[in-house]
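S.K.: I have a structure I would like to understand better, so I am pasting it below and will then ask my questions one at a time.
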Amino acid sequence: MKIWVDADACPTVIKDILYRAAERKQIPLVLVANQSLRIPPSRFISAITVSSGFDEADNEIVRRCEAGDLVITADIPLAADVLAKGGDALNPRGELYSNDTIKQKLTMRDFMDTLRGSGVHTGGPPPLNQSDRQAFANQLDTLLQRHR
């Protein structure tokens, strides 16, 4: 099992939780971004810098991830691609994407995108709070226990 992170939009506090988990469980953690990242020195943590461009990091993650891997992302199309490959996808708020709910999430995402495209201001998600961080840490722990 490897943990892949869609790192361009991943909050720092979530990356910190992942760094500690990778060290504690001795699991490879790979951050993928279109800019250079500063990561802690560790034999378990690495980063891949892709060229800047729409979905470059997402495409790299999909290309490299395998069944049984875990991907951390808030990007719903990326999560759908990961699930199709037999991986798990977890968002930074602790929500585990599933085959049962991903189509509905994709439909809602597309609907919101259409609204934004027509000029409707839809707002964004609320800031990450302590309960989101706790939910993420708990779900991550559950997944790592399951895969061990």
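Here, A, B, ... name the chains of the structure tokens in the order displayed, residue numbers run from 1 inside each chain, and ligands are numbered from 1 in the same displayed order.
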Mind checking which residues fall within 8 Å of A:Gly86, counting only C-alpha atoms, ignoring those fewer than 4 positions away in the same chain, and posting them as an NGL selection string?
M.R.: :A and (66-69 or 82)
S.K.: Take the residues that were just selected and, keeping N, CA and C atoms, output them as a JSON list (two decimals), in the first residue's frame.
M.R.:
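Generated output (again04.json):
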[["chain", "number", "residue", "atom", "x", "y", "z"],
["A", 66, "GLU", "N", -2.21, 2.07, -7.62],
["A", 66, "GLU", "CA", -2.61, 0.69, -7.87],
["A", 66, "GLU", "C", -3.74, 0.30, -6.93],
["A", 67, "ALA", "N", -4.36, -0.82, -7.22],
["A", 67, "ALA", "CA", -5.41, -1.34, -6.34],
["A", 67, "ALA", "C", -4.83, -1.48, -4.93],
["A", 68, "GLY", "N", -5.59, -1.06, -3.95],
["A", 68, "GLY", "CA", -5.14, -1.15, -2.56],
["A", 68, "GLY", "C", -4.44, 0.10, -2.07],
["A", 69, "ASP", "N", -4.08, 1.02, -2.96],
["A", 69, "ASP", "CA", -3.46, 2.28, -2.55],
["A", 69, "ASP", "C", -4.54, 3.22, -2.02],
["A", 82, "VAL", "N", -9.70, 6.77, -9.03],
["A", 82, "VAL", "CA", -9.00, 5.91, -8.06],
["A", 82, "VAL", "C", -9.88, 4.72, -7.67]]
S.K.: As a PyMOL selection string, please: the residues near A:Arg38 (cut-off 12 Å, only C-alpha atoms, same-chain neighbours under 5 positions excluded).
M.R.: chain A and resi 7+12+15-16+19+31-33+45-49
S.K.: Write out as a ChimeraX atom specification which residues come within 10 Å of A:Ala80 when counting only C-alpha atoms, dropping same-chain ones fewer than 6 positions away.
M.R.: /A:62,87-89,97-99,101-103,105-106
S.K.: Keeping N, CA, C and O atoms, export the residues of the selection given above as a compact mmCIF listing (two decimals), in the first residue's frame.
M.R.:
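Final output, result.txt:
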# COMPACT_ATOMS: atom_id res chain seq x y z
N VAL A 62 -3.34 9.00 -10.95
CA VAL A 62 -4.12 7.90 -11.55
C VAL A 62 -3.19 6.94 -12.29
O VAL A 62 -3.35 5.73 -12.21
N GLY A 87 -8.59 1.40 -5.76
CA GLY A 87 -7.98 2.08 -4.63
C GLY A 87 -9.02 2.70 -3.73
O GLY A 87 -10.22 2.64 -4.01
N ASP A 88 -8.56 3.29 -2.65
CA ASP A 88 -9.42 4.03 -1.75
C ASP A 88 -9.13 5.51 -1.92
O ASP A 88 -7.99 5.89 -2.21
N ALA A 89 -10.14 6.35 -1.72
CA ALA A 89 -9.96 7.80 -1.81
C ALA A 89 -10.62 8.44 -0.58
O ALA A 89 -11.75 8.11 -0.24
N TYR A 97 -14.64 8.29 0.07
CA TYR A 97 -15.46 8.14 -1.14
C TYR A 97 -15.74 6.66 -1.33
O TYR A 97 -14.92 5.81 -1.00
N SER A 98 -16.90 6.35 -1.90
CA SER A 98 -17.25 4.95 -2.14
C SER A 98 -17.91 4.79 -3.50
O SER A 98 -18.40 5.76 -4.08
N ASN A 99 -17.90 3.57 -4.00
CA ASN A 99 -18.56 3.28 -5.28
C ASN A 99 -20.06 3.56 -5.20
O ASN A 99 -20.68 3.87 -6.21
N THR A 101 -21.50 6.09 -3.64
CA THR A 101 -21.85 7.51 -3.61
C THR A 101 -21.14 8.36 -4.66
O THR A 101 -21.51 9.51 -4.85
N ILE A 102 -20.14 7.83 -5.33
CA ILE A 102 -19.31 8.66 -6.20
C ILE A 102 -20.09 9.23 -7.39
O ILE A 102 -19.87 10.37 -7.77
N LYS A 103 -21.02 8.48 -7.95
CA LYS A 103 -21.78 9.00 -9.10
C LYS A 103 -22.63 10.19 -8.70
O LYS A 103 -22.72 11.18 -9.43
N LYS A 105 -21.98 12.25 -6.26
CA LYS A 105 -21.05 13.35 -6.01
C LYS A 105 -20.57 13.98 -7.32
O LYS A 105 -20.44 15.20 -7.42
N LEU A 106 -20.31 13.14 -8.33
CA LEU A 106 -19.92 13.66 -9.64
C LEU A 106 -21.05 14.49 -10.26
O LEU A 106 -20.81 15.56 -10.83
S.K.: Quick one: residues within 12 Å of A:Arg20, only C-alpha atoms counted, chain neighbours fewer than 4 positions away excluded, as a ChimeraX atom specification?
M.R.: /A:13-16,24-29,39-42,44-45,137,140-141
S.K.: Mind checking which residues fall within 10 Å of A:Leu143, counting only C-alpha atoms, ignoring those fewer than 5 positions away in the same chain, and posting them as a list of chain:residue names?
M.R.: A:Leu70, A:Asp88, A:Leu90, A:Leu96, A:Ala137, A:Asn138, A:Arg148
S.K.: Dump N, CA and C atoms for the selected residues as a PDB file, in the first residue's frame?
M.R.:
ATOM      1  N   LEU A  70      -4.096   4.222  -1.297  1.00  0.00           N
ATOM      2  CA  LEU A  70      -4.978   5.243  -0.752  1.00  0.00           C
ATOM      3  C   LEU A  70      -4.596   6.588  -1.361  1.00  0.00           C
ATOM      4  N   ASP A  88      -8.558   3.286  -2.653  1.00  0.00           N
ATOM      5  CA  ASP A  88      -9.423   4.033  -1.746  1.00  0.00           C
ATOM      6  C   ASP A  88      -9.130   5.513  -1.924  1.00  0.00           C
ATOM      7  N   LEU A  90      -9.868   9.313   0.037  1.00  0.00           N
ATOM      8  CA  LEU A  90     -10.300   9.974   1.270  1.00  0.00           C
ATOM      9  C   LEU A  90     -10.110  11.470   1.094  1.00  0.00           C
ATOM     10  N   LEU A  96     -14.723   9.283   3.330  1.00  0.00           N
ATOM     11  CA  LEU A  96     -14.233   8.227   2.458  1.00  0.00           C
ATOM     12  C   LEU A  96     -15.181   8.114   1.270  1.00  0.00           C
ATOM     13  N   ALA A 137      -8.176  12.182  10.669  1.00  0.00           N
ATOM     14  CA  ALA A 137      -7.220  11.334  11.397  1.00  0.00           C
ATOM     15  C   ALA A 137      -7.851   9.991  11.763  1.00  0.00           C
ATOM     16  N   ASN A 138      -9.093  10.005  12.207  1.00  0.00           N
ATOM     17  CA  ASN A 138      -9.771   8.755  12.580  1.00  0.00           C
ATOM     18  C   ASN A 138      -9.982   7.850  11.372  1.00  0.00           C
ATOM     19  N   ARG A 148      -3.241  -3.089   6.971  1.00  0.00           N
ATOM     20  CA  ARG A 148      -2.096  -3.743   7.596  1.00  0.00           C
ATOM     21  C   ARG A 148      -2.459  -5.163   7.837  1.00  0.00           C
TER      22      ARG A 148
END
S.K.: Of the candidates A:Arg63, A:Arg116, A:His121, A:Arg133, which one gets nearest to A:Asn91 if we count only C-alpha atoms?
M.R.: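 Of all the options, A:Arg133 lies closest to A:Asn91.
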S.K.: Would you pick out the contacts of A:Asp8 at 7 Å or less, using only C-alpha atoms, so that residues sharing its chain but fewer than 2 positions from it are not included, and give the list as a JSON list (two decimals) with all heavy atoms, in the first residue's frame?
M.R.:
[["chain", "number", "residue", "atom", "x", "y", "z"],
["A", 6, "ASP", "N", -2.89, 14.37, -3.42],
["A", 6, "ASP", "CA", -3.11, 15.46, -4.37],
["A", 6, "ASP", "C", -2.73, 16.72, -3.61],
["A", 6, "ASP", "O", -3.55, 17.36, -2.96],
["A", 6, "ASP", "CB", -4.58, 15.45, -4.80],
["A", 6, "ASP", "CG", -4.92, 16.49, -5.84],
["A", 6, "ASP", "OD1", -4.00, 17.16, -6.34],
["A", 6, "ASP", "OD2", -6.11, 16.62, -6.15],
["A", 10, "CYS", "N", -4.05, 20.29, -0.79],
["A", 10, "CYS", "CA", -4.17, 19.62, 0.51],
["A", 10, "CYS", "C", -3.71, 20.56, 1.62],
["A", 10, "CYS", "O", -2.59, 21.09, 1.57],
["A", 10, "CYS", "CB", -3.34, 18.34, 0.51],
["A", 10, "CYS", "SG", -3.59, 17.34, 2.00],
["A", 33, "ALA", "N", 2.43, 17.28, -6.86],
["A", 33, "ALA", "CA", 2.01, 18.68, -7.03],
["A", 33, "ALA", "C", 2.68, 19.26, -8.26],
["A", 33, "ALA", "O", 3.64, 18.71, -8.78],
["A", 33, "ALA", "CB", 2.40, 19.48, -5.79],
["A", 34, "ASN", "N", 2.15, 20.40, -8.70],
["A", 34, "ASN", "CA", 2.77, 21.06, -9.84],
["A", 34, "ASN", "C", 3.72, 22.17, -9.41],
["A", 34, "ASN", "O", 4.06, 23.04, -10.19],
["A", 34, "ASN", "CB", 1.72, 21.57, -10.84],
["A", 34, "ASN", "CG", 0.79, 22.59, -10.24],
["A", 34, "ASN", "OD1", 1.08, 23.19, -9.22],
["A", 34, "ASN", "ND2", -0.34, 22.79, -10.89]]
S.K.: Enumerate the residues of stretch 3-139 of chain A with a DSSP assignment of strand (DSSP E), computed from the backbone, and present them as number ranges by chain.
M.R.: A: 3-6, 29-33, 45-49, 70-72, 88-90
S.K.: Mind writing the picked residues with N, CA, C and O atoms as an mmCIF file, in the first residue's frame?
M.R.:
data_model
loop_
_atom_site.group_PDB
_atom_site.id
_atom_site.type_symbol
_atom_site.label_atom_id
_atom_site.label_comp_id
_atom_site.auth_asym_id
_atom_site.auth_seq_id
_atom_site.Cartn_x
_atom_site.Cartn_y
_atom_site.Cartn_z
ATOM 1 N N ILE A 3 0.362 5.653 -0.007
ATOM 2 C CA ILE A 3 -0.557 6.772 0.147
ATOM 3 C C ILE A 3 -0.111 7.851 -0.839
ATOM 4 O O ILE A 3 1.054 8.261 -0.833
ATOM 5 N N TRP A 4 -1.030 8.266 -1.692
ATOM 6 C CA TRP A 4 -0.787 9.323 -2.674
ATOM 7 C C TRP A 4 -1.562 10.556 -2.235
ATOM 8 O O TRP A 4 -2.708 10.444 -1.806
ATOM 9 N N VAL A 5 -0.950 11.725 -2.365
ATOM 10 C CA VAL A 5 -1.613 12.957 -1.948
ATOM 11 C C VAL A 5 -1.682 13.921 -3.118
ATOM 12 O O VAL A 5 -0.654 14.234 -3.731
ATOM 13 N N ASP A 6 -2.890 14.371 -3.420
ATOM 14 C CA ASP A 6 -3.108 15.455 -4.374
ATOM 15 C C ASP A 6 -2.725 16.723 -3.611
ATOM 16 O O ASP A 6 -3.549 17.355 -2.961
ATOM 17 N N LEU A 29 4.571 7.395 1.477
ATOM 18 C CA LEU A 29 3.688 8.531 1.268
ATOM 19 C C LEU A 29 4.286 9.361 0.137
ATOM 20 O O LEU A 29 5.448 9.756 0.209
ATOM 21 N N VAL A 30 3.500 9.585 -0.925
ATOM 22 C CA VAL A 30 3.986 10.334 -2.082
ATOM 23 C C VAL A 30 3.069 11.525 -2.311
ATOM 24 O O VAL A 30 1.874 11.363 -2.540
ATOM 25 N N LEU A 31 3.648 12.720 -2.244
ATOM 26 C CA LEU A 31 2.903 13.944 -2.514
ATOM 27 C C LEU A 31 3.140 14.343 -3.961
ATOM 28 O O LEU A 31 4.281 14.364 -4.414
ATOM 29 N N VAL A 32 2.076 14.624 -4.679
ATOM 30 C CA VAL A 32 2.169 14.984 -6.095
ATOM 31 C C VAL A 32 1.609 16.400 -6.257
ATOM 32 O O VAL A 32 0.486 16.671 -5.836
ATOM 33 N N ALA A 33 2.425 17.282 -6.865
ATOM 34 C CA ALA A 33 2.013 18.675 -7.026
ATOM 35 C C ALA A 33 2.676 19.265 -8.261
ATOM 36 O O ALA A 33 3.636 18.710 -8.778
ATOM 37 N N ILE A 45 8.729 9.243 2.959
ATOM 38 C CA ILE A 45 8.019 10.384 2.377
ATOM 39 C C ILE A 45 8.782 10.905 1.169
ATOM 40 O O ILE A 45 9.980 11.161 1.243
ATOM 41 N N SER A 46 8.051 11.063 0.049
ATOM 42 C CA SER A 46 8.671 11.617 -1.152
ATOM 43 C C SER A 46 7.674 12.533 -1.849
ATOM 44 O O SER A 46 6.490 12.565 -1.518
ATOM 45 N N ALA A 47 8.188 13.277 -2.820
ATOM 46 C CA ALA A 47 7.332 14.194 -3.582
ATOM 47 C C ALA A 47 7.662 14.079 -5.057
ATOM 48 O O ALA A 47 8.804 13.820 -5.436
ATOM 49 N N ILE A 48 6.648 14.259 -5.867
ATOM 50 C CA ILE A 48 6.792 14.280 -7.322
ATOM 51 C C ILE A 48 6.255 15.632 -7.791
ATOM 52 O O ILE A 48 5.139 16.019 -7.440
ATOM 53 N N THR A 49 7.065 16.339 -8.573
ATOM 54 C CA THR A 49 6.627 17.597 -9.158
ATOM 55 C C THR A 49 6.298 17.347 -10.623
ATOM 56 O O THR A 49 7.127 16.835 -11.367
ATOM 57 N N LEU A 70 -4.096 4.222 -1.297
ATOM 58 C CA LEU A 70 -4.978 5.243 -0.752
ATOM 59 C C LEU A 70 -4.596 6.588 -1.361
ATOM 60 O O LEU A 70 -3.413 6.936 -1.395
ATOM 61 N N VAL A 71 -5.591 7.331 -1.827
ATOM 62 C CA VAL A 71 -5.362 8.663 -2.390
ATOM 63 C C VAL A 71 -6.113 9.680 -1.538
ATOM 64 O O VAL A 71 -7.288 9.503 -1.243
ATOM 65 N N ILE A 72 -5.385 10.739 -1.149
ATOM 66 C CA ILE A 72 -5.981 11.826 -0.380
ATOM 67 C C ILE A 72 -6.276 12.955 -1.357
ATOM 68 O O ILE A 72 -5.358 13.522 -1.960
ATOM 69 N N ASP A 88 -8.558 3.286 -2.653
ATOM 70 C CA ASP A 88 -9.423 4.033 -1.746
ATOM 71 C C ASP A 88 -9.130 5.513 -1.924
ATOM 72 O O ASP A 88 -7.991 5.895 -2.214
ATOM 73 N N ALA A 89 -10.135 6.349 -1.725
ATOM 74 C CA ALA A 89 -9.964 7.796 -1.811
ATOM 75 C C ALA A 89 -10.620 8.436 -0.584
ATOM 76 O O ALA A 89 -11.752 8.109 -0.240
ATOM 77 N N LEU A 90 -9.868 9.313 0.037
ATOM 78 C CA LEU A 90 -10.300 9.974 1.270
ATOM 79 C C LEU A 90 -10.110 11.470 1.094
ATOM 80 O O LEU A 90 -9.053 11.907 0.639
#
S.K.: What is the distance, in Å and to one decimal place, between atom CA of A:Gly53 and atom CA of A:Ala74?
M.R.: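 Spanning atom CA of A:Gly53 to atom CA of A:Ala74 is a straight-line distance of 17.7 Å.
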S.K.: As a VMD selection string, please: every residue in stretch 25-128 of chain A that DSSP puts in helix (DSSP H, G or I).
M.R.: chain A and resid 25 56 to 64 76 to 84 102 to 117
S.K.: What gap, in Å, lies between atom CA of A:Gln134 and atom CA of A:Arg93?
M.R.: 8.5 Å
S.K.: With distances taken over only C-alpha atoms, which residue among A:Asp100, A:Asp113, A:Asp55, A:Glu95 lies nearest A:Gln139?
M.R.: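 For A:Gln139, the nearest of the candidates is A:Glu95.
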S.K.: Quick check, in Å to one decimal: how far apart do atom CA of A:Gly123 and atom CA of A:Ala57 lie?
M.R.: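 Value for the atom CA of A:Gly123-atom CA of A:Ala57 distance: 24.4 Å.
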